[in-house]
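Student: My structure is stored as structure.tsv, with TSV, C-alpha atoms and all ligand atoms.
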chain	number	residue	atom	x	y	z
A	1	MET	CA	-18.51	11.79	-0.21
A	2	SER	CA	-17.21	11.09	3.25
A	3	LYS	CA	-14.39	12.90	4.99
A	4	ILE	CA	-11.12	10.97	4.80
A	5	ILE	CA	-9.30	10.90	8.12
A	6	THR	CA	-5.54	11.28	8.18
A	7	ALA	CA	-2.51	9.87	9.99
A	8	GLY	CA	-2.54	10.82	13.65
A	9	ASN	CA	-6.21	9.92	14.03
A	10	PRO	CA	-6.34	6.95	16.44
A	11	LEU	CA	-9.09	5.28	14.36
A	12	LEU	CA	-6.46	4.45	11.75
A	13	LYS	CA	-4.57	2.39	14.35
A	14	GLU	CA	-7.50	0.13	15.23
A	15	THR	CA	-8.11	-3.42	14.05
A	16	ALA	CA	-11.31	-3.29	12.03
A	17	GLN	CA	-14.22	-5.62	12.79
A	18	PRO	CA	-15.52	-8.33	10.41
A	19	VAL	CA	-18.74	-7.67	8.51
A	20	THR	CA	-21.47	-10.11	9.56
A	21	VAL	CA	-24.64	-8.39	8.28
A	22	PHE	CA	-25.11	-7.86	4.54
A	23	ASP	CA	-28.00	-5.42	4.50
A	24	LYS	CA	-29.10	-2.06	3.13
A	25	ASN	CA	-26.77	-0.20	5.49
A	26	LEU	CA	-23.80	-2.09	4.06
A	27	LYS	CA	-24.93	-1.23	0.53
A	28	PHE	CA	-25.20	2.43	1.53
A	29	LEU	CA	-21.72	2.36	3.07
A	30	LEU	CA	-20.25	0.75	-0.08
A	31	GLU	CA	-21.88	3.34	-2.36
A	32	ASN	CA	-20.44	6.05	-0.16
A	33	MET	CA	-16.97	4.47	-0.24
A	34	LYS	CA	-17.12	4.15	-4.04
A	35	LYS	CA	-18.07	7.81	-4.41
A	36	THR	CA	-15.34	8.87	-1.99
A	37	LEU	CA	-12.72	6.75	-3.80
A	38	TYR	CA	-13.44	8.37	-7.17
A	39	GLU	CA	-13.83	11.90	-5.86
A	40	ALA	CA	-10.46	11.58	-4.13
A	41	ASN	CA	-8.88	10.01	-7.24
A	42	GLY	CA	-7.69	7.05	-5.20
A	43	VAL	CA	-6.78	3.52	-6.25
A	44	GLY	CA	-8.11	2.02	-3.04
A	45	LEU	CA	-10.04	3.12	0.03
A	46	ALA	CA	-10.51	1.18	3.26
A	47	ALA	CA	-13.51	1.73	5.56
A	48	PRO	CA	-11.34	2.87	8.52
A	49	GLN	CA	-10.20	5.79	6.33
A	50	ILE	CA	-13.73	7.20	6.56
A	51	ALA	CA	-13.84	6.37	10.28
A	52	VAL	CA	-15.81	3.13	9.89
A	53	SER	CA	-14.02	0.28	11.68
A	54	LYS	CA	-15.13	-2.55	9.39
A	55	ARG	CA	-13.16	-5.03	7.29
A	56	ILE	CA	-14.02	-3.54	3.91
A	57	PHE	CA	-12.10	-1.88	1.12
A	58	VAL	CA	-12.95	-0.76	-2.39
A	59	ALA	CA	-10.44	-0.50	-5.23
A	60	ASP	CA	-10.05	0.35	-8.88
A	61	ASP	CA	-6.58	-0.13	-10.35
A	62	GLY	CA	-7.67	1.30	-13.71
A	63	VAL	CA	-7.11	-2.05	-15.43
A	64	SER	CA	-9.30	-4.74	-13.90
A	65	GLY	CA	-12.05	-2.33	-12.83
A	66	TYR	CA	-13.88	-1.47	-9.63
A	67	ASP	CA	-14.52	-4.10	-6.97
A	68	GLU	CA	-15.60	-4.29	-3.34
A	69	TYR	CA	-13.71	-6.51	-0.90
A	70	ILE	CA	-15.46	-7.48	2.31
A	71	ASN	CA	-13.70	-9.54	5.02
A	72	PRO	CA	-10.66	-9.91	2.72
A	73	VAL	CA	-7.83	-12.35	3.39
A	74	TRP	CA	-4.88	-12.56	1.02
A	75	THR	CA	-2.00	-14.98	0.70
A	76	PRO	CA	1.10	-14.60	-1.47
A	77	VAL	CA	1.33	-16.50	-4.76
A	78	GLY	CA	4.99	-17.45	-4.91
A	79	ASP	CA	7.53	-15.55	-2.85
A	80	GLU	CA	8.59	-12.85	-5.30
A	81	LYS	CA	8.46	-9.31	-3.96
A	82	ASP	CA	9.18	-5.91	-5.41
A	83	ILE	CA	9.66	-2.40	-4.12
A	84	ASP	CA	7.61	0.45	-5.57
A	85	VAL	CA	6.32	3.86	-4.59
A	86	GLU	CA	3.06	4.18	-2.66
A	87	GLY	CA	0.91	7.00	-1.44
A	88	CYS	CA	-2.21	7.04	0.70
A	89	LEU	CA	-5.33	9.23	0.86
A	90	SER	CA	-4.82	9.32	4.63
A	91	VAL	CA	-1.22	10.50	4.32
A	92	PRO	CA	-1.48	13.52	1.98
A	93	ASP	CA	1.62	14.59	0.05
A	94	LEU	CA	3.87	11.85	1.35
A	95	TYR	CA	5.15	8.97	-0.76
A	96	GLY	CA	7.46	6.09	-0.03
A	97	GLU	CA	8.90	2.86	-1.35
A	98	VAL	CA	7.32	-0.25	0.11
A	99	GLU	CA	8.19	-3.90	-0.42
A	100	ARG	CA	5.16	-6.03	-1.33
A	101	TYR	CA	4.45	-9.45	-2.82
A	102	LYS	CA	4.16	-9.32	-6.60
A	103	GLU	CA	1.18	-11.65	-6.80
A	104	VAL	CA	-1.49	-12.52	-4.25
A	105	LEU	CA	-4.62	-14.63	-3.97
A	106	ILE	CA	-7.41	-12.76	-2.23
A	107	LYS	CA	-10.50	-14.37	-0.74
A	108	TYR	CA	-13.35	-12.05	0.17
A	109	GLN	CA	-17.10	-11.57	0.15
A	110	ASP	CA	-19.16	-9.34	-2.11
A	111	ARG	CA	-21.96	-7.00	-0.97
A	112	HIS	CA	-24.42	-9.90	-0.92
A	113	GLY	CA	-22.15	-12.02	1.29
A	114	LYS	CA	-21.19	-14.32	-1.57
A	115	LYS	CA	-17.68	-15.76	-1.27
A	116	ARG	CA	-15.29	-14.80	-4.04
A	117	GLN	CA	-11.61	-15.07	-4.82
A	118	LYS	CA	-9.19	-13.74	-7.40
A	119	LYS	CA	-5.53	-13.64	-8.20
A	120	ALA	CA	-4.00	-10.20	-8.54
A	121	SER	CA	-0.64	-8.88	-9.65
A	122	GLY	CA	0.90	-5.49	-10.32
A	123	LEU	CA	-0.84	-2.42	-8.92
A	124	LEU	CA	-3.91	-4.34	-7.75
A	125	ALA	CA	-1.78	-6.79	-5.75
A	126	ARG	CA	0.03	-3.85	-4.13
A	127	CYS	CA	-3.27	-2.11	-3.44
A	128	ILE	CA	-4.76	-5.24	-1.83
A	129	GLN	CA	-1.80	-5.48	0.56
A	130	HIS	CA	-1.88	-1.74	1.35
A	131	GLU	CA	-5.65	-1.69	1.99
A	132	THR	CA	-5.64	-4.88	4.08
A	133	ASP	CA	-2.96	-3.24	6.24
A	134	HIS	CA	-5.48	-0.44	6.93
A	135	LEU	CA	-7.89	-3.04	8.31
A	136	ASN	CA	-5.15	-4.10	10.73
A	137	GLY	CA	-4.30	-0.57	11.83
A	138	ILE	CA	-1.12	-0.29	9.76
A	139	LEU	CA	-0.13	2.64	7.52
A	140	PHE	CA	2.35	2.37	4.65
A	141	ILE	CA	4.60	4.96	6.29
A	142	GLU	CA	5.38	2.34	8.96
A	143	LYS	CA	6.64	-0.06	6.28
A	144	ALA	CA	8.25	2.30	3.77
A	145	VAL	CA	12.00	2.03	3.28
A	146	SER	CA	12.09	5.76	2.49
A	147	LEU	CA	9.63	8.66	2.55
A	148	HIS	CA	9.53	11.78	0.41
A	149	LYS	CA	7.17	14.60	-0.54
A	150	GLY	CA	6.94	13.91	-4.28
A	151	LYS	CA	6.23	10.69	-6.14
A	152	ASP	CA	9.85	10.38	-7.22
A	153	ALA	CA	12.56	9.56	-4.72
A	154	ASP	CA	14.69	12.59	-5.65
A	155	GLU	CA	11.95	15.19	-5.05
B	201	ZN	ZN	-3.89	3.99	2.38
Can you dump the structure from the file as structure tokens?
Tutor:
Amino acid sequence: MSKIITAGNPLLKETAQPVTVFDKNLKFLLENMKKTLYEANGVGLAAPQIAVSKRIFVADDGVSGYDEYINPVWTPVGDEKDIDVEGCLSVPDLYGEVERYKEVLIKYQDRHGKKRQKKASGLLARCIQHETDHLNGILFIEKAVSLHKGKDADE
């Protein structure tokens, strides 16, 4: 498991670099990210969160299963948005309501460099938008309409 860096670390503000080489080192990094995601009980983890400035995130929403997203680009499906609570492994103990698109189409590459795409809604769609923000140096606390210490707004 890798150490997860937290808000205030300048690495979280950087724009991550595209992955161009799909080799053993990438596989090793992905295995490490997967392990770190599960040990931290996260829904998603972006490479910059373990201080690796590459356009990669891993996610498991508990419904559609684990997947690895390399060089991801998403576009909204329709223009419906909703507001729900989010947290982040890099922002311990802080939660906030963030507006996100309800459904997105994500295009990405797998660990072999093969191009893939999928439609996502619900938690996975929210996760995809949150994690892609990490690759662009953006944290959810910059977008949240409110922030609080517990998962519920009244805590
Ligand atoms: Zn996050």
Student: Taking all atoms listed in the file and a cut-off of 8 Å, can you tell me which residues surround ligand ZN 201 (chain B), written as a PyMOL selection string?
Tutor: chain A and resi 44-46+49+87-91+130-131+134+139-140
Student: Do you know which residues are at most 10 Å from stretch 110-118 of chain A counting only C-alpha atoms, after dropping those on the same chain fewer than 5 positions away, and could you put them as a VMD selection string?
Tutor: chain A and resid 19 to 24 26 to 27 30 56 67 to 74 104 to 105
Student: Go through A:Ser2, A:Pro10, A:Thr15, A:Ile138 and flag the residue nearest A:Met33, using only C-alpha atoms for the distances.
Tutor: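 Residue with the minimum atom-to-atom distance to A:Met33: A:Ser2.
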Student: Write out as a PyMOL selection string the residues lying within 12 Å of A:Ile141, counting only C-alpha atoms and excluding same-chain residues fewer than 2 positions away.
Tutor: chain A and resi 7-8+85-88+90-99+130+133-134+137-139+143-148
Student: Please provide the set of residues having any atom within 12 Å of A:Lys119, restricted to all atoms listed in the file, with same-chain residues fewer than 2 positions apart removed, written as a VMD selection string.
Tutor: chain A and resid 64 73 to 78 102 to 108 116 to 117 121 to 122 124 to 126 128
Student: Write to file, as a compact mmCIF listing (two decimals), keeping the file's coordinate frame, the residues of the selection just made, with C-alpha atoms.
Tutor:
# COMPACT_ATOMS: atom_id res chain seq x y z
CA SER A 64 -9.30 -4.74 -13.90
CA VAL A 73 -7.83 -12.35 3.39
CA TRP A 74 -4.88 -12.56 1.02
CA THR A 75 -2.00 -14.98 0.70
CA PRO A 76 1.10 -14.60 -1.47
CA VAL A 77 1.33 -16.50 -4.76
CA GLY A 78 4.99 -17.45 -4.91
CA LYS A 102 4.16 -9.32 -6.60
CA GLU A 103 1.18 -11.65 -6.80
CA VAL A 104 -1.49 -12.52 -4.25
CA LEU A 105 -4.62 -14.63 -3.97
CA ILE A 106 -7.41 -12.76 -2.23
CA LYS A 107 -10.50 -14.37 -0.74
CA TYR A 108 -13.35 -12.05 0.17
CA ARG A 116 -15.29 -14.80 -4.04
CA GLN A 117 -11.61 -15.07 -4.82
CA SER A 121 -0.64 -8.88 -9.65
CA GLY A 122 0.90 -5.49 -10.32
CA LEU A 124 -3.91 -4.34 -7.75
CA ALA A 125 -1.78 -6.79 -5.75
CA ARG A 126 0.03 -3.85 -4.13
CA ILE A 128 -4.76 -5.24 -1.83
Student: Have a look at A:Asp61, A:Ser53, A:Ala120, A:Glu80 and name the one nearest to A:Asn41; count all atoms listed in the file.
Tutor: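 Among A:Asp61, A:Ser53, A:Ala120, A:Glu80, it is A:Asp61 that comes nearest to A:Asn41.
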Student: Go through A:Gly65, A:Asn136, A:Val58, A:Asp84 one by one, measure the shortest atom-to-atom distance of each to A:Asp152 using only C-alpha atoms, and give the residue with the smallest value.
Tutor: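 Once distances to A:Asp152 are computed over only C-alpha atoms, the minimum belongs to A:Asp84.
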Student: Residues at most 10 Å from A:Met1, counting all atoms listed in the file, excluding those fewer than 3 positions away in the same chain, as a list in words?
Tutor: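 The neighbour list is Ile4, Glu31, Asn32, Met33, Lys34, Lys35, Thr36, Leu37, Tyr38, Glu39, Ala40 and Ile50 of chain A.
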Student: Determine the nearest neighbour of A:Ile5 from the options A:Val63, A:Val43, A:Leu29, A:Val52, counting only C-alpha atoms.
Tutor: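 With only C-alpha atoms as the atom set, the closest residue is A:Val52.
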Student: When you count all atoms listed in the file, which of these residues is closest to A:Ala16: A:Asp60, A:Tyr101, A:Ala47, A:Leu135?
Tutor: A:Leu135
Student: What does the distance between atom CA of A:Glu14 and atom CA of A:Asp82 come to in Å, to one decimal place?
Tutor: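 Between atom CA of A:Glu14 and atom CA of A:Asp82 the gap is 27.2 Å.
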Student: Hey, which of A:Arg55, A:Arg100, A:Lys149, A:Lys81 ends up closest to A:Gln17? Count all atoms listed in the file.
Tutor: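 Selected residue with least distance to A:Gln17: A:Arg55.
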Student: Can you work out the spacing between atom CA of A:Asn9 and atom CA of A:Gly62 in Å, to one decimal?
Tutor: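 Taking atom CA of A:Asn9 and atom CA of A:Gly62, their separation equals 29.1 Å.
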Student: N, CA, C and O atoms are what I want for stretch 134-150 of chain A; can you complete it accordingly and write them as an mmCIF file, in the coordinates of the input?
Tutor:
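Below is the file that was written, out-v9.cif:
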data_model
loop_
_atom_site.group_PDB
_atom_site.id
_atom_site.type_symbol
_atom_site.label_atom_id
_atom_site.label_comp_id
_atom_site.auth_asym_id
_atom_site.auth_seq_id
_atom_site.Cartn_x
_atom_site.Cartn_y
_atom_site.Cartn_z
ATOM 1 N N HIS A 134 -4.590 -1.404 6.267
ATOM 2 C CA HIS A 134 -5.480 -0.440 6.930
ATOM 3 C C HIS A 134 -6.446 -1.130 7.884
ATOM 4 O O HIS A 134 -6.775 -0.600 8.944
ATOM 5 N N LEU A 135 -6.918 -2.315 7.479
ATOM 6 C CA LEU A 135 -7.890 -3.040 8.310
ATOM 7 C C LEU A 135 -7.235 -3.592 9.564
ATOM 8 O O LEU A 135 -7.912 -3.982 10.513
ATOM 9 N N ASN A 136 -5.897 -3.628 9.558
ATOM 10 C CA ASN A 136 -5.150 -4.100 10.730
ATOM 11 C C ASN A 136 -4.437 -2.949 11.439
ATOM 12 O O ASN A 136 -3.538 -3.175 12.243
ATOM 13 N N GLY A 137 -4.840 -1.732 11.123
ATOM 14 C CA GLY A 137 -4.300 -0.570 11.830
ATOM 15 C C GLY A 137 -2.887 -0.175 11.434
ATOM 16 O O GLY A 137 -2.180 0.475 12.203
ATOM 17 N N ILE A 138 -2.494 -0.573 10.204
ATOM 18 C CA ILE A 138 -1.120 -0.290 9.760
ATOM 19 C C ILE A 138 -1.129 0.669 8.568
ATOM 20 O O ILE A 138 -1.882 0.481 7.612
ATOM 21 N N LEU A 139 -0.285 1.689 8.632
ATOM 22 C CA LEU A 139 -0.130 2.640 7.520
ATOM 23 C C LEU A 139 1.161 2.351 6.769
ATOM 24 O O LEU A 139 2.130 1.866 7.351
ATOM 25 N N PHE A 140 1.171 2.681 5.471
ATOM 26 C CA PHE A 140 2.350 2.370 4.650
ATOM 27 C C PHE A 140 3.611 3.076 5.142
ATOM 28 O O PHE A 140 4.722 2.595 4.933
ATOM 29 N N ILE A 141 3.419 4.210 5.817
ATOM 30 C CA ILE A 141 4.600 4.960 6.290
ATOM 31 C C ILE A 141 5.361 4.180 7.374
ATOM 32 O O ILE A 141 6.523 4.459 7.638
ATOM 33 N N GLU A 142 4.695 3.179 7.965
ATOM 34 C CA GLU A 142 5.380 2.340 8.960
ATOM 35 C C GLU A 142 6.232 1.263 8.293
ATOM 36 O O GLU A 142 7.086 0.657 8.920
ATOM 37 N N LYS A 143 5.941 0.997 6.998
ATOM 38 C CA LYS A 143 6.640 -0.060 6.280
ATOM 39 C C LYS A 143 7.608 0.470 5.235
ATOM 40 O O LYS A 143 8.431 -0.289 4.713
ATOM 41 N N ALA A 144 7.464 1.731 4.870
ATOM 42 C CA ALA A 144 8.250 2.300 3.770
ATOM 43 C C ALA A 144 9.736 2.310 4.103
ATOM 44 O O ALA A 144 10.126 2.572 5.244
ATOM 45 N N VAL A 145 10.559 1.999 3.081
ATOM 46 C CA VAL A 145 12.000 2.030 3.280
ATOM 47 C C VAL A 145 12.522 3.458 3.180
ATOM 48 O O VAL A 145 13.601 3.766 3.664
ATOM 49 N N SER A 146 11.728 4.339 2.520
ATOM 50 C CA SER A 146 12.090 5.760 2.490
ATOM 51 C C SER A 146 10.814 6.552 2.280
ATOM 52 O O SER A 146 9.844 6.048 1.724
ATOM 53 N N LEU A 147 10.806 7.797 2.718
ATOM 54 C CA LEU A 147 9.630 8.660 2.550
ATOM 55 C C LEU A 147 10.066 9.973 1.933
ATOM 56 O O LEU A 147 11.137 10.490 2.227
ATOM 57 N N HIS A 148 9.222 10.497 1.032
ATOM 58 C CA HIS A 148 9.530 11.780 0.410
ATOM 59 C C HIS A 148 8.261 12.487 0.014
ATOM 60 O O HIS A 148 7.183 11.879 -0.056
ATOM 61 N N LYS A 149 8.362 13.781 -0.282
ATOM 62 C CA LYS A 149 7.170 14.600 -0.540
ATOM 63 C C LYS A 149 6.584 14.411 -1.944
ATOM 64 O O LYS A 149 5.391 14.549 -2.141
ATOM 65 N N GLY A 150 7.443 14.119 -2.927
ATOM 66 C CA GLY A 150 6.940 13.910 -4.280
ATOM 67 C C GLY A 150 6.890 12.432 -4.600
ATOM 68 O O GLY A 150 7.320 11.610 -3.800
#
